[in-house]
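Enquirer: Sharing a structure here in structure tokens format.
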Amino acid sequence: MSRYALRVASVAAALGVWQLLTSLNVDLWLRFSQFPTVADVARAFADRMAGDDYWTDLTDSLTRILSGFLLAAVVGVATGVLVARSRLAEDLLGPILEVVRPIPAIALVPVSILLFPSNEQGIVFITFTAAFFPVMVSTRHAVRALSPGWEEAVRTMGGGRWRILGSVVLPGALPGIFGGLSVGIGVSWICVISAEMISGQYGVGYRTWQDYTVVDYPGVFVGMVTIGVLGWATSTAVELLGRRLTRWLPRTSYVPPGRPRPRHLAAPPAASSASAPSPSASSGGADDAVRTGPEPEGTRHEHLV
């Protein structure tokens, strides 16, 4: 509870500083006098939420994000695994992917306008492109980093190609895959908002740009806050899903000095003096005592990695 209270306090402090600087019209180097106050933004937010346009824009932006991101997740993981596991696929697709990857997704807006018959499909394409490359690259590196011993063990037990893919490659690469998904969802929000500003007719980005053109600065901040909250919510959902699917991985947590360690992280109790071997014990007995002692933390979790 103390951590959540600290987080709430940090947000409240930031809002308080914003309200203070804007209400006092502070102009030292940054011109806070041009900013709306927190109270102005809150009133604009309440007015927007009372109307239908706000929820329509919210639904349109979420639909575009989910459509492009889910498509990028499936195609990106499949492409990453294929390129990492097949030399032929790497030779055929690798050069094309590496040439297209440095191009910013927002720079493809003219291409999407020419390529697709509707702006809606073009915006989904921009969102897909933005998320595809982080997912693909993270999956490729995660698959290549897998230990070859795992695959050899499955082959020894008679497993085929699909068995290796389902039992070794995908589970072993899951942490890297979700790392790419976390990056991809953030980049998708950046690009979908930009695409809506350029060629959209509805959506949070389109509405934010319209507010800017009519000099409605509280409305601009309403759009910015909405984008931030939506981005945080979707990123948190991806992270929680990743933790859920990788619960089998060993994890460590930071424990500040002076606090008791959790039971699953506490050091094993020392052996009592009654059970300790005597100095006159033979070397063989000492070796047995060493071998039967508590295993190091890394050794006990080695089979989980």
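All residue names refer to the structure tokens as shown: chains lettered A, B, ... in order, residues numbered from 1 in each chain, ligands numbered from 1 in order.
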If DSSP is run on the backbone, what residues of stretch 6-252 of chain A are helix (DSSP H, G or I)? A reply as a PyMOL selection string would be ideal.

Expert: chain A and resi 6-23+32-34+38-49+52-85+87-100+105-115+119-144+148-156+161-199+204-213+217-245

Enquirer: Could I get the residues of stretch 45-64 of chain A with an atom no further than 10 Å from an atom of stretch 117-127 of chain A, each paired with its nearest atom pair and that distance in Å to one decimal, using only C-alpha atoms, sorted by chain and residue number, as a tab-separated table?

Expert:
```
residue	atom	partner	partner_atom	distance
A:Asp60	CA	A:Glu120	CA	9.4
A:Ser61	CA	A:Ile123	CA	9.7
A:Thr63	CA	A:Val124	CA	8.9
A:Arg64	CA	A:Val124	CA	5.4
```

Enquirer: May I have the selected residues written with N, CA, C and O atoms, as an mmCIF file, in the first residue's frame?

Expert:
```cif
data_model
loop_
_atom_site.group_PDB
_atom_site.id
_atom_site.type_symbol
_atom_site.label_atom_id
_atom_site.label_comp_id
_atom_site.auth_asym_id
_atom_site.auth_seq_id
_atom_site.Cartn_x
_atom_site.Cartn_y
_atom_site.Cartn_z
ATOM 1 N N ASP A 60 -12.828 4.363 -32.020
ATOM 2 C CA ASP A 60 -12.140 4.262 -33.310
ATOM 3 C C ASP A 60 -10.636 4.062 -33.120
ATOM 4 O O ASP A 60 -10.027 3.213 -33.787
ATOM 5 N N SER A 61 -10.026 4.808 -32.218
ATOM 6 C CA SER A 61 -8.581 4.668 -32.012
ATOM 7 C C SER A 61 -8.241 3.289 -31.434
ATOM 8 O O SER A 61 -7.266 2.665 -31.856
ATOM 9 N N THR A 63 -9.966 0.535 -31.809
ATOM 10 C CA THR A 63 -10.183 -0.469 -32.857
ATOM 11 C C THR A 63 -9.001 -0.513 -33.816
ATOM 12 O O THR A 63 -8.528 -1.595 -34.198
ATOM 13 N N ARG A 64 -8.481 0.642 -34.205
ATOM 14 C CA ARG A 64 -7.328 0.687 -35.104
ATOM 15 C C ARG A 64 -6.089 0.095 -34.443
ATOM 16 O O ARG A 64 -5.336 -0.665 -35.072
#
```

Enquirer: Could you tell me which of A:Phe221, A:Leu71, A:Pro148, A:Pro102 comes closest to A:Ala39 if we count only C-alpha atoms?

Expert: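 Closest to A:Ala39 of all the choices is A:Phe221.
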
Enquirer: Pick out the closest residue to A:Leu181 from this set: A:Val215, A:Ile106, A:Ala78, A:Leu70. Count only C-alpha atoms.

Expert: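 Checking each of A:Val215, A:Ile106, A:Ala78, A:Leu70 against A:Leu181, counting only C-alpha atoms, the winner is A:Leu70.
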
Enquirer: Do you know which residues are at most 12 Å from stretch 18-25 of chain A counting only C-alpha atoms, after dropping those on the same chain fewer than 2 positions away, and could you put them as an NGL selection string?

Expert: :A and (11-16 or 27-42)

Enquirer: Using only C-alpha atoms, find each residue in stretch 15-112 of chain A having at least one atom no more than 12 Å away from stretch 190-203 of chain A; report its shortest atom-to-atom pair and that distance in Å (one decimal), rows by chain then rising number, as a tab-separated table.

Expert:
```
residue	atom	partner	partner_atom	distance
A:Asp53	CA	A:Tyr202	CA	8.9
A:Tyr54	CA	A:Gly203	CA	8.5
A:Trp55	CA	A:Gly203	CA	9.2
A:Thr56	CA	A:Gly203	CA	7.3
A:Asp57	CA	A:Gly203	CA	3.9
A:Leu58	CA	A:Gly203	CA	6.2
A:Thr59	CA	A:Gly203	CA	7.6
A:Asp60	CA	A:Gly203	CA	5.4
A:Ser61	CA	A:Gly203	CA	5.0
A:Leu62	CA	A:Gly203	CA	8.6
A:Thr63	CA	A:Gly203	CA	9.7
A:Arg64	CA	A:Val192	CA	7.6
A:Ile65	CA	A:Val192	CA	7.1
A:Leu66	CA	A:Val192	CA	10.9
A:Ser67	CA	A:Val192	CA	11.4
A:Gly68	CA	A:Val192	CA	9.4
A:Phe69	CA	A:Val192	CA	10.6
A:Pro104	CA	A:Cys191	CA	8.9
A:Ala105	CA	A:Cys191	CA	6.7
A:Ile106	CA	A:Cys191	CA	5.8
A:Ala107	CA	A:Ala195	CA	9.5
A:Leu108	CA	A:Ala195	CA	9.4
A:Val109	CA	A:Ala195	CA	6.8
A:Pro110	CA	A:Ser199	CA	9.4
A:Val111	CA	A:Ala195	CA	11.9
A:Ser112	CA	A:Ser199	CA	9.9
```

Enquirer: For A:Phe128, which residue among A:Leu97, A:Leu240, A:Val74, A:Met224 is the nearest when counting only C-alpha atoms?

Expert: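 For A:Phe128, the nearest of the candidates is A:Val74.
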
Enquirer: What is the distance, in Å and to one decimal place, between atom CA of A:Arg155 and atom CA of A:Val143?

Expert: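 About the pair atom CA of A:Arg155 and atom CA of A:Val143: they are 17.2 Å apart.
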